[in-house]
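Colleague: Take this structure first; my questions come after.
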Amino acid sequence: MTETMQAVRLRGPGVLALEEIARPEPAEGEALVRVHAAAITRDELDWPLDRLPAIPSYELSGVVAAVGEGVTAVAAGDPVWALTPFDRDGVAAEYAAVPAAVLAPKPASLSHVESAAVPLPALSAWQGLFDHGGLEAGQRVLVHGAAGGVGHFAVQLAAAQGAHVAATCSPASAELVRAVGAEEVLGYGSLPSEPVDLVFDTAGGAALAGSPRALRPGGRIVSIAEEPPEDVEAVYFIVEPSREALGELAAMADAGKLTPAIDAVFALAEAQAAFARSMEHGKRGKVVLGVLGD
Ligand SMILES: NC(=O)c1ccc[n+]([C@@H]2O[C@H](COP(=O)([O-])OP(=O)(O)OC[C@H]3O[C@@H](n4cnc5c(N)ncnc54)[C@H](OP(=O)(O)O)[C@@H]3O)[C@@H](O)[C@H]2O)c1
């Protein structure tokens, strides 16, 4: 292993640089992961502005290169994936030191690029639909932003649960949203054929503000996009790493029941263009940094 590595670092608001920096050493309880792919999320460059320079991206697929003291759950050579903590450097680099507790075996049937696209959005969808939204089989859910990184997993997970899924997206993405399991595909602002038990919002703005109109009395609104406006009663939450839930998601992926959509793959050196793409409307799934290209 080389002593230095290439890493993308956020230097100021929206300003990214590819830099040669010291390779991290795994501390006690951490594993050093050779990053094969790292996915990115719209708006995430706003999150670490209080701790610059910061390495972005909190979702990886790779192979354990070394482990720190006290780590027994993973070993060098293990293929792993993770949602990594938001309060420290991310994983848009050749190597990342990651708490071993958040690493789980990656799905064998997915490539690293496909795997990296799953942990953050699928855990967000899982926790939003089931932990915060209480969605059950036979209920109705409306997913806003259903072609996006979180939205296309929310549609799949809700449909797999046996829920009736209505979804909003840009017109060009309707086919993808139908293909991943939405029974009703709507333009933003349109209402589903029947009031829903749960609105899961990943778009924010007007979609979140208009969500009460789609709800049955006593129904719930959950958003991951932003805090709701004052006149909208909704739960906003921050996704949490979960090794256990990643295990269940890996099993679903290997059974062909969870399929990541990859909007675009960029090299580490193209991070600025990758983040520009993440901010556009009309994406179909996730934007991924293919660090090793596999
Ligand atoms: N709270 C948390 O823990 C958490 C977790 C994950 C993500 N997030 C946040 O939740 C939001 C959704 O994440 P995501 O990864 O699903 O994002 P995404 O891939 O951009 O998908 C969200 C969808 O929202 C629509 N959209 C609304 N406003 C947009 C804008 N200004 N620019 C681009 N698209 C916009 C787009 O749909 P159309 O293309 O159909 O218009 C897009 O596909 C982001 O803000 C992200 O930072 C928060």
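Simple scheme: letters A, B, ... for chains in structure tokens order, numbers from 1 for residues in each chain, numbers from 1 for ligands in the order shown.
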Against region 36-52 of chain A, which residues of region 123-216 of chain A fall within 10 Å? For each one I want the closest pair of atoms and the distance in Å (one decimal), counting only C-alpha atoms, rows by chain and increasing residue number, as a tab-separated table.

Modeller:
```
residue	atom	partner	partner_atom	distance
A:Gly148	CA	A:Arg42	CA	9.6
A:Gly149	CA	A:Thr41	CA	7.6
A:Val150	CA	A:Thr41	CA	9.3
```

Colleague: Would you export the selected residues with N, CA and C atoms as a short mmCIF file (atom, residue, chain, number, x, y, z; two decimals), in the first residue's frame, please?

Modeller:
```
data_model
loop_
_atom_site.label_atom_id
_atom_site.label_comp_id
_atom_site.auth_asym_id
_atom_site.auth_seq_id
_atom_site.Cartn_x
_atom_site.Cartn_y
_atom_site.Cartn_z
N GLY A 148 -35.43 9.45 -8.22
CA GLY A 148 -34.16 9.86 -7.62
C GLY A 148 -33.50 8.75 -6.82
N GLY A 149 -32.37 9.09 -6.21
CA GLY A 149 -31.57 8.10 -5.49
C GLY A 149 -32.37 7.40 -4.42
N VAL A 150 -33.05 8.14 -3.56
CA VAL A 150 -33.84 7.53 -2.49
C VAL A 150 -35.17 7.02 -3.04
#
```

Colleague: Using only C-alpha atoms and all ligand atoms, find each residue with an atom at most 6 Å away from ligand 1 and format the answer as a count of residues only.

Modeller: 26

Colleague: Within 7 Å of Gly90 (chain A), counting only C-alpha atoms, which residues qualify if same-chain residues fewer than 3 places away don't, as a list in words?

Modeller: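 That gives Ile55, Pro56, Ser57, Tyr58 and Thr84 of chain A.
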
Colleague: Within 12 Å of Phe266 (chain A), counting only C-alpha atoms, which residues qualify if same-chain residues fewer than 4 places away don't, as an mmCIF file with C-alpha atoms, in the first residue's frame?

Modeller:
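Okay, this is what ended up in selection12.cif:
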```
data_model
loop_
_atom_site.group_PDB
_atom_site.id
_atom_site.type_symbol
_atom_site.label_atom_id
_atom_site.label_comp_id
_atom_site.auth_asym_id
_atom_site.auth_seq_id
_atom_site.Cartn_x
_atom_site.Cartn_y
_atom_site.Cartn_z
ATOM 1 C CA ALA A 37 -16.904 2.951 -5.727
ATOM 2 C CA ALA A 38 -18.429 5.825 -3.760
ATOM 3 C CA ALA A 39 -21.861 7.268 -4.453
ATOM 4 C CA ILE A 40 -22.903 10.888 -3.939
ATOM 5 C CA ALA A 92 -14.521 9.873 -2.113
ATOM 6 C CA VAL A 113 -20.521 0.531 -8.652
ATOM 7 C CA ILE A 262 -27.254 4.062 -11.877
ATOM 8 C CA GLU A 270 -14.458 14.253 -12.437
ATOM 9 C CA ALA A 271 -16.038 14.852 -9.009
ATOM 10 C CA GLN A 272 -17.030 18.440 -9.848
ATOM 11 C CA ALA A 273 -19.007 17.210 -12.875
ATOM 12 C CA ALA A 274 -20.483 14.379 -10.808
ATOM 13 C CA PHE A 275 -21.811 16.807 -8.197
ATOM 14 C CA ALA A 276 -23.142 19.087 -10.940
ATOM 15 C CA ARG A 277 -25.074 16.107 -12.318
ATOM 16 C CA SER A 278 -26.389 15.233 -8.827
ATOM 17 C CA LYS A 286 -27.765 7.451 -8.307
ATOM 18 C CA VAL A 287 -24.616 9.268 -9.377
ATOM 19 C CA VAL A 288 -21.517 7.184 -8.543
ATOM 20 C CA LEU A 289 -17.770 7.832 -8.411
ATOM 21 C CA GLY A 290 -16.183 4.713 -9.921
ATOM 22 C CA VAL A 291 -12.872 4.828 -8.035
ATOM 23 C CA LEU A 292 -11.521 1.546 -9.454
ATOM 24 C CA GLY A 293 -14.062 1.386 -12.260
ATOM 25 C CA ASP A 294 -15.656 -1.967 -11.298
#
```

Colleague: Fewer than 5 positions away in the same chain doesn't count, so skip those; otherwise give me all residues within 12 Å of Leu186 (chain A), counting only C-alpha atoms, as a VMD selection string.

Modeller: chain A and resid 142 to 147 165 to 175 177 to 178 191 to 193 207

Colleague: Pick out the closest residue to Gln127 (chain A) from this set: A:Leu103, A:Ala269, A:Val33, A:Leu246. Count only C-alpha atoms.

Modeller: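 Using only C-alpha atoms, the shortest distance to Gln127 (chain A) belongs to A:Leu246.
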
Colleague: Region 32-275 of chain A: which residues are alpha helix (DSSP H) by DSSP, as a ChimeraX atom specification?

Modeller: /A:112-116,119-126,151-160,174-179,205-209,243-254,271-275

Colleague: List every residue of region 15-166 of chain A that DSSP, applied to the backbone, labels as strand (DSSP E), and write the result as a PyMOL selection string.

Modeller: chain A and resi 15-22+30-40+59-67+79-83+95-99+104-105+140-144+164-166

Colleague: Go ahead and save the picked residues with N, CA and C atoms, as a tab-separated table (two decimals), in the first residue's frame.

Modeller:
```tsv
chain	number	residue	atom	x	y	z
A	15	VAL	N	-16.68	24.03	-3.98
A	15	VAL	CA	-15.35	23.98	-4.61
A	15	VAL	C	-14.63	22.68	-4.23
A	16	LEU	N	-14.43	21.82	-5.25
A	16	LEU	CA	-13.81	20.52	-5.02
A	16	LEU	C	-12.43	20.46	-5.66
A	17	ALA	N	-11.52	19.71	-5.05
A	17	ALA	CA	-10.19	19.52	-5.62
A	17	ALA	C	-9.79	18.06	-5.45
A	18	LEU	N	-9.08	17.52	-6.45
A	18	LEU	CA	-8.51	16.18	-6.32
A	18	LEU	C	-7.10	16.36	-5.77
A	19	GLU	N	-6.81	15.78	-4.59
A	19	GLU	CA	-5.55	16.05	-3.90
A	19	GLU	C	-4.85	14.76	-3.54
A	20	GLU	N	-3.52	14.81	-3.46
A	20	GLU	CA	-2.72	13.68	-2.98
A	20	GLU	C	-2.48	13.92	-1.49
A	21	ILE	N	-3.05	13.09	-0.64
A	21	ILE	CA	-2.94	13.30	0.81
A	21	ILE	C	-2.49	12.00	1.49
A	22	ALA	N	-2.15	12.09	2.76
A	22	ALA	CA	-1.71	10.89	3.50
A	22	ALA	C	-2.85	9.87	3.56
A	30	GLU	N	-11.67	0.55	13.86
A	30	GLU	CA	-11.89	0.94	12.46
A	30	GLU	C	-11.28	-0.06	11.49
A	31	ALA	N	-11.77	-0.02	10.27
A	31	ALA	CA	-11.16	-0.79	9.17
A	31	ALA	C	-10.73	0.19	8.09
A	32	LEU	N	-9.61	-0.12	7.44
A	32	LEU	CA	-9.20	0.65	6.28
A	32	LEU	C	-9.77	-0.05	5.05
A	33	VAL	N	-10.57	0.68	4.27
A	33	VAL	CA	-11.23	0.07	3.10
A	33	VAL	C	-10.61	0.64	1.83
A	34	ARG	N	-10.22	-0.25	0.91
A	34	ARG	CA	-9.86	0.17	-0.44
A	34	ARG	C	-11.17	0.45	-1.16
A	35	VAL	N	-11.41	1.72	-1.43
A	35	VAL	CA	-12.71	2.11	-2.01
A	35	VAL	C	-12.71	1.74	-3.50
A	36	HIS	N	-13.70	0.96	-3.91
A	36	HIS	CA	-13.87	0.67	-5.34
A	36	HIS	C	-14.87	1.63	-5.98
A	37	ALA	N	-15.90	1.99	-5.22
A	37	ALA	CA	-16.90	2.95	-5.73
A	37	ALA	C	-17.51	3.70	-4.55
A	38	ALA	N	-17.84	4.96	-4.80
A	38	ALA	CA	-18.43	5.83	-3.76
A	38	ALA	C	-19.55	6.61	-4.41
A	39	ALA	N	-20.74	6.54	-3.84
A	39	ALA	CA	-21.86	7.27	-4.45
A	39	ALA	C	-22.04	8.63	-3.79
A	40	ILE	N	-22.72	9.53	-4.47
A	40	ILE	CA	-22.90	10.89	-3.94
A	40	ILE	C	-24.38	11.24	-3.90
A	59	GLU	N	-21.10	6.80	1.22
A	59	GLU	CA	-21.68	5.52	0.79
A	59	GLU	C	-20.65	4.83	-0.10
A	60	LEU	N	-20.19	3.65	0.34
A	60	LEU	CA	-19.09	3.02	-0.39
A	60	LEU	C	-19.34	1.54	-0.62
A	61	SER	N	-18.59	1.03	-1.62
A	61	SER	CA	-18.40	-0.40	-1.77
A	61	SER	C	-16.92	-0.60	-2.03
A	62	GLY	N	-16.32	-1.59	-1.36
A	62	GLY	CA	-14.89	-1.80	-1.51
A	62	GLY	C	-14.43	-3.07	-0.83
A	63	VAL	N	-13.13	-3.14	-0.56
A	63	VAL	CA	-12.54	-4.34	0.03
A	63	VAL	C	-11.69	-3.91	1.22
A	64	VAL	N	-11.85	-4.62	2.35
A	64	VAL	CA	-11.07	-4.29	3.54
A	64	VAL	C	-9.59	-4.52	3.25
A	65	ALA	N	-8.77	-3.48	3.53
A	65	ALA	CA	-7.32	-3.58	3.28
A	65	ALA	C	-6.57	-3.88	4.56
A	66	ALA	N	-7.07	-3.42	5.69
A	66	ALA	CA	-6.42	-3.64	6.99
A	66	ALA	C	-7.43	-3.32	8.08
A	67	VAL	N	-7.19	-3.85	9.27
A	67	VAL	CA	-8.11	-3.51	10.38
A	67	VAL	C	-7.32	-2.98	11.55
A	79	PRO	N	-15.08	-8.22	0.96
A	79	PRO	CA	-15.82	-7.21	0.17
A	79	PRO	C	-16.94	-6.63	1.05
A	80	VAL	N	-16.99	-5.31	1.17
A	80	VAL	CA	-17.93	-4.68	2.11
A	80	VAL	C	-18.63	-3.48	1.46
A	81	TRP	N	-19.74	-3.08	2.10
A	81	TRP	CA	-20.40	-1.83	1.74
A	81	TRP	C	-20.83	-1.13	3.01
A	82	ALA	N	-21.14	0.16	2.92
A	82	ALA	CA	-21.51	0.89	4.13
A	82	ALA	C	-22.13	2.24	3.81
A	83	LEU	N	-22.98	2.67	4.75
A	83	LEU	CA	-23.29	4.10	4.93
A	83	LEU	C	-22.36	4.55	6.04
A	95	TYR	N	-8.73	5.29	-0.39
A	95	TYR	CA	-8.88	4.52	0.85
A	95	TYR	C	-9.73	5.33	1.82
A	96	ALA	N	-10.42	4.64	2.73
A	96	ALA	CA	-11.17	5.33	3.78
A	96	ALA	C	-11.07	4.52	5.07
A	97	ALA	N	-10.83	5.21	6.18
A	97	ALA	CA	-10.89	4.57	7.50
A	97	ALA	C	-12.32	4.71	7.99
A	98	VAL	N	-12.94	3.56	8.28
A	98	VAL	CA	-14.38	3.53	8.56
A	98	VAL	C	-14.61	2.73	9.85
A	99	PRO	N	-15.52	3.19	10.74
A	99	PRO	CA	-15.84	2.37	11.91
A	99	PRO	C	-16.30	0.98	11.44
A	104	ALA	N	-20.79	-3.91	6.31
A	104	ALA	CA	-21.50	-5.19	6.15
A	104	ALA	C	-21.03	-5.83	4.84
A	105	PRO	N	-21.17	-7.16	4.74
A	105	PRO	CA	-20.78	-7.82	3.49
A	105	PRO	C	-21.59	-7.28	2.32
A	140	ARG	N	-51.59	2.36	1.31
A	140	ARG	CA	-51.25	3.19	0.15
A	140	ARG	C	-50.18	4.19	0.52
A	141	VAL	N	-49.18	4.33	-0.36
A	141	VAL	CA	-48.11	5.29	-0.13
A	141	VAL	C	-47.90	6.12	-1.39
A	142	LEU	N	-47.60	7.40	-1.20
A	142	LEU	CA	-47.21	8.27	-2.31
A	142	LEU	C	-45.75	8.66	-2.11
A	143	VAL	N	-44.89	8.34	-3.09
A	143	VAL	CA	-43.47	8.66	-3.02
A	143	VAL	C	-43.19	9.85	-3.94
A	144	HIS	N	-42.71	10.95	-3.36
A	144	HIS	CA	-42.33	12.11	-4.18
A	144	HIS	C	-40.85	12.00	-4.59
A	164	HIS	N	-49.61	-0.42	-1.94
A	164	HIS	CA	-49.98	0.15	-3.23
A	164	HIS	C	-49.17	1.43	-3.39
A	165	VAL	N	-48.38	1.54	-4.47
A	165	VAL	CA	-47.45	2.66	-4.59
A	165	VAL	C	-47.88	3.62	-5.69
A	166	ALA	N	-48.10	4.88	-5.30
A	166	ALA	CA	-48.24	5.97	-6.26
A	166	ALA	C	-46.97	6.81	-6.16
```

Colleague: Mind giving me the straight-line distance from CA of Pro26 (chain A) to CA of Ala101 (chain A) in Å, one decimal?

Modeller: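 According to the coordinates, CA of Pro26 (chain A) and CA of Ala101 (chain A) are separated by 13.0 Å.
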
Colleague: With only C-alpha atoms as the counted atoms, please give the residues lying no more than 12 Å from Glu230 (chain A), apart from itself and same-chain residues fewer than 5 positions off, as a PyMOL selection string.

Modeller: chain A and resi 208-209+235

Colleague: Could those residues be written to a file, using N, CA, C and O atoms, as a CSV table (one decimal), in the first residue's frame?

Modeller:
```
chain,number,residue,atom,x,y,z
A,208,LEU,N,-43.5,18.7,-1.0
A,208,LEU,CA,-43.7,18.5,0.5
A,208,LEU,C,-44.8,19.4,0.9
A,208,LEU,O,-45.7,19.0,1.7
A,209,ALA,N,-44.8,20.7,0.5
A,209,ALA,CA,-45.8,21.6,0.9
A,209,ALA,C,-47.2,21.1,0.5
A,209,ALA,O,-48.2,21.4,1.3
A,235,VAL,N,-42.9,14.4,9.7
A,235,VAL,CA,-41.6,13.9,10.3
A,235,VAL,C,-40.5,14.1,9.4
A,235,VAL,O,-40.5,13.7,8.2
```

Colleague: Any idea what the distance is between CA of Ala163 (chain A) and CA of Ala137 (chain A)?

Modeller: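 Between CA of Ala163 (chain A) and CA of Ala137 (chain A) the gap works out to 4.9 Å.
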
Colleague: Looking at only C-alpha atoms, which of A:Leu198, A:Val155, A:Leu258, A:Ala267 is the one that sits closest to Ala117 (chain A)?

Modeller: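 Residue with the minimum atom-to-atom distance to Ala117 (chain A): A:Leu258.
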
Colleague: Calculate how many Å separate CA of Ala7 (chain A) from CA of Ala253 (chain A), rounding to one decimal.

Modeller: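 Distance between the two atoms: 29.2 Å.
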
Colleague: Between A:Leu110, A:Ala158, A:Pro217, A:Gly181, which residue has the minimum interatomic distance to Gly256 (chain A), considering only C-alpha atoms?

Modeller: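 When distances to Gly256 (chain A) are compared using only C-alpha atoms, the smallest one comes from A:Leu110.
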